[in-house]
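**Student:** Just passing along the structure, written as structure tokens.
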Amino acid sequence: MSPRLLALIPAAIAINLVVGQVASELALPVYLDTLGTSLVAVLDGLSGGLLVGTLSQVLSGMLRGYVWLAFTPIQWLIAVLAALAAARGGFGTVPRSAAWGMACGVACGLTSAAISFLLFGGVTAAGVTAVGALFRSAGFSLPAAVTAASMLTDILDKSISFILLGSLLRSLPLRILGRFPLAARAVGR
Amino acid sequence: MSGLAHRAHPFTPATVALALAVMALVAPPPQGTLLVYVVTVGIALLTGGIRGVILGVVVCLPFWILLVIMHGVMGDAPRAIAVLGVALSTAGMAWALEQGLRLAAIVTASLVFATSFDPHRFLQAAIARGWRFDMAFLVVATLDAADRLREQAVRLREAQRTRGLRIGRSLLSKSRAIPALVFPLMLMSVMEADERALALETRGLTLVGPRTSIDPPHDRSIDRMIRWAALLLVGATAWWRFG
């Protein structure tokens, strides 16, 4: 493992854990706990993103309960889509970042809904479950309510995450961006 | 950090916590899952992990409430159980009980382990066992980085408030606060990681080969016995469910 990746991975996992906590303290219906995963996937490539996603979920499981390890495939999916977005110059402008974020939100929302419904009966994080309960009280069946809630929150969450990530990449000094060819391509430099 | 869990070899609490989590998943519900939860709480109290038990209840409480709402109140008929004048779904409450106990056992086992986990003793134990140093280092560096970033997040929030950031109660106001609170944290982390990469390289952290543990934790026979017992109990629980 290169020294750069060895330094970047703890920082990215800390971003996942701490920013997720900031979003939770603000009582927002988004998680923002995958920013570090997508950041490393864009800076260093897919393998780094997959490693950050897995380790984040393991550490987060240690601090919040191992049951959340079931959502590790979501972290992998985000790493894959962030790396793909970077390779296609998906972080060059705010609208492009938002579009890729929405696409990622749809993919993650569907996967998350399947995990949430099949393993947890639709009761997972408080925010998304509260949204699911609203849909349920509006007459939706349990699978439909879980899917609608997951899609809604994930699209919002991943769009915000990708917009923030795009802004970060565009504001990085050239001397740092120059060390990460994929990130430079992601913002079209 | 105090008690038996802290004095044990670092791999022992980790093995016991993982074994309890697996047992909570495979034990026949609800009596098996309840037994695992009771055993988890018992072990936590015996080893000085009461903080983990309390944290476990705090973490699980919202889920228990949501489980009752989603599956008990909004669950399918037939409805038989009545609490505070509300008829609850029988099947829904059975599922809520099963899931709630499983969640409680797993969350409590994880949190008791997390509150007694000493990253530096873990690193020493990993080096003594000849584990890959970069992977062991990642665990320790991440926990250190998370603590540091958490402190920076608190300081940043105060600094942004003095610069005029107001976080209101509305969703829009909170959403507007996100870039001001998150963006500097991320930028700071990337810049720091860039500098740390140079430090790691000059200190030879990425060199391969055996390393010497300065103060390896003693792996006593009781530690090894506990780890084997935990493994055997996982097998016994699986046999109880599927045998």
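In the structure tokens, the first chain shown is A, the next is B, and so on; residue numbers restart at 1 for each chain, and ligands run from 1 in the order shown.
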Please identify all residues of chain B having at least one atom at most 8 Å from any atom of chain A, considering only C-alpha atoms, and return them as an mmCIF file with C-alpha atoms, in the first residue's frame.
**Tutor:**
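The result, written out as iface21.cif:
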data_model
loop_
_atom_site.group_PDB
_atom_site.id
_atom_site.type_symbol
_atom_site.label_atom_id
_atom_site.label_comp_id
_atom_site.auth_asym_id
_atom_site.auth_seq_id
_atom_site.Cartn_x
_atom_site.Cartn_y
_atom_site.Cartn_z
ATOM 1 C CA ALA B 21 -23.073 -11.160 17.530
ATOM 2 C CA VAL B 59 -28.833 3.326 20.750
ATOM 3 C CA PRO B 62 -35.389 4.580 18.958
ATOM 4 C CA PHE B 63 -35.300 1.298 16.996
ATOM 5 C CA LEU B 66 -39.922 2.355 15.504
ATOM 6 C CA LEU B 67 -40.258 -1.454 15.428
ATOM 7 C CA ILE B 69 -44.837 1.551 15.336
ATOM 8 C CA MET B 70 -43.952 -0.046 11.962
ATOM 9 C CA MET B 74 -49.111 -0.436 11.420
ATOM 10 C CA GLN B 99 -35.735 -8.188 15.767
ATOM 11 C CA LEU B 103 -30.513 -5.860 17.646
ATOM 12 C CA ILE B 106 -25.577 -7.304 18.753
ATOM 13 C CA VAL B 107 -25.457 -3.579 19.560
ATOM 14 C CA THR B 108 -24.628 -4.235 23.233
ATOM 15 C CA ALA B 109 -21.861 -6.729 22.366
ATOM 16 C CA SER B 110 -20.352 -4.217 19.872
ATOM 17 C CA LEU B 111 -20.541 -1.268 22.259
ATOM 18 C CA PHE B 113 -16.223 -4.186 23.052
ATOM 19 C CA ALA B 114 -15.796 -0.648 21.642
ATOM 20 C CA ASP B 134 -0.315 -1.562 7.354
ATOM 21 C CA LEU B 138 -4.997 1.587 9.596
ATOM 22 C CA VAL B 139 -7.284 0.586 12.502
ATOM 23 C CA ALA B 141 -4.693 5.611 12.719
ATOM 24 C CA THR B 142 -8.401 5.708 11.847
ATOM 25 C CA LEU B 143 -9.548 5.769 15.457
ATOM 26 C CA ALA B 145 -8.098 10.456 13.087
ATOM 27 C CA ALA B 146 -11.786 10.119 13.985
ATOM 28 C CA LEU B 149 -11.658 15.224 13.361
ATOM 29 C CA ARG B 150 -14.520 15.081 15.891
ATOM 30 C CA ALA B 153 -15.775 19.557 13.963
ATOM 31 C CA LEU B 171 -34.864 21.854 7.231
ATOM 32 C CA LYS B 174 -30.055 23.180 8.512
ATOM 33 C CA SER B 175 -29.322 22.219 4.894
ATOM 34 C CA ILE B 178 -23.990 21.757 5.755
ATOM 35 C CA PRO B 179 -21.399 23.312 3.376
ATOM 36 C CA VAL B 182 -18.602 19.929 6.229
ATOM 37 C CA PHE B 183 -16.554 21.532 3.456
ATOM 38 C CA LEU B 185 -13.474 19.582 7.491
ATOM 39 C CA MET B 186 -13.010 17.662 4.251
ATOM 40 C CA LEU B 187 -10.519 20.157 2.824
ATOM 41 C CA SER B 189 -8.452 16.293 6.062
ATOM 42 C CA VAL B 190 -7.162 16.063 2.480
ATOM 43 C CA ALA B 193 -3.338 13.479 4.630
ATOM 44 C CA ASP B 194 -1.029 14.911 1.950
ATOM 45 C CA ARG B 196 1.116 12.817 6.597
ATOM 46 C CA ALA B 197 1.939 10.737 3.500
ATOM 47 C CA LEU B 198 5.391 12.331 3.428
ATOM 48 C CA LEU B 200 4.867 8.012 6.755
ATOM 49 C CA GLU B 201 7.264 7.514 3.868
ATOM 50 C CA LEU B 205 5.968 2.716 7.581
ATOM 51 C CA THR B 206 5.391 1.033 4.269
#
**Student:** Write out as a PyMOL selection string the set of residues from region 81-226 of chain B that DSSP, computed on the backbone, places in helix (DSSP H, G or I).
**Tutor:** chain B and resi 90-116+119-128+133-162+171-202+221-226
**Student:** Hey, what's within 10 Å of Leu43 (chain A) if we count only C-alpha atoms and toss same-chain stuff fewer than 2 positions away? As a ChimeraX atom specification, please?
**Tutor:** /A:5,8,38-41,45-46,48-49,82-83,86,169,177,179-186
**Student:** Using C-alpha atoms, can you write the selected residues to a file as a PDB file, in the first residue's frame?
**Tutor:**
ATOM      1  CA  LEU A   5      -3.150   5.786   0.406  1.00  0.00           C
ATOM      2  CA  LEU A   8      -5.621   9.077   3.008  1.00  0.00           C
ATOM      3  CA  SER A  38     -16.402   8.544  -2.730  1.00  0.00           C
ATOM      4  CA  LEU A  39     -13.506  10.946  -2.037  1.00  0.00           C
ATOM      5  CA  VAL A  40     -10.922   8.128  -2.041  1.00  0.00           C
ATOM      6  CA  ALA A  41     -12.586   6.403  -5.018  1.00  0.00           C
ATOM      7  CA  GLY A  45      -9.373   4.789  -7.741  1.00  0.00           C
ATOM      8  CA  LEU A  46     -11.828   1.978  -7.109  1.00  0.00           C
ATOM      9  CA  GLY A  48      -9.008   2.499  -2.388  1.00  0.00           C
ATOM     10  CA  GLY A  49     -12.715   3.373  -2.314  1.00  0.00           C
ATOM     11  CA  ALA A  82     -17.881   7.569  -7.793  1.00  0.00           C
ATOM     12  CA  ALA A  83     -14.877   6.088  -9.616  1.00  0.00           C
ATOM     13  CA  ALA A  86     -14.612  10.546 -11.987  1.00  0.00           C
ATOM     14  CA  LEU A 169     -12.176  18.693  -5.910  1.00  0.00           C
ATOM     15  CA  LEU A 177      -4.744  17.669  -7.615  1.00  0.00           C
ATOM     16  CA  ARG A 179      -0.838  13.953  -7.629  1.00  0.00           C
ATOM     17  CA  PHE A 180      -4.201  12.328  -8.372  1.00  0.00           C
ATOM     18  CA  PRO A 181      -4.683  11.917 -12.162  1.00  0.00           C
ATOM     19  CA  LEU A 182      -8.203  10.465 -11.775  1.00  0.00           C
ATOM     20  CA  ALA A 183      -9.322  13.439  -9.669  1.00  0.00           C
ATOM     21  CA  ALA A 184      -7.871  15.839 -12.244  1.00  0.00           C
ATOM     22  CA  ARG A 185      -9.878  14.046 -14.946  1.00  0.00           C
ATOM     23  CA  ALA A 186     -12.967  14.145 -12.723  1.00  0.00           C
TER      24      ALA A 186
END
**Student:** Just how far from CA of Phe162 (chain A) is CA of Val80 (chain A), in Å to one decimal?
**Tutor:** 13.4 Å
**Student:** Quick one: everything within 6 Å of region 227-233 of chain B, counting only C-alpha atoms, minus sequence neighbours fewer than 5 positions away in the same chain. Send it as a list in words.
**Tutor:** Thr12, Val16 and Ala19 of chain B
**Student:** For the residues in that selection, give me C-alpha atoms as a compact mmCIF listing (two decimals), in the first residue's frame.
**Tutor:**
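And here is the file that came out, out21.txt:
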# COMPACT_ATOMS: atom_id res chain seq x y z
CA THR B 12 -10.19 -12.01 23.56
CA VAL B 16 -16.23 -12.79 22.45
CA ALA B 19 -19.17 -14.70 18.88
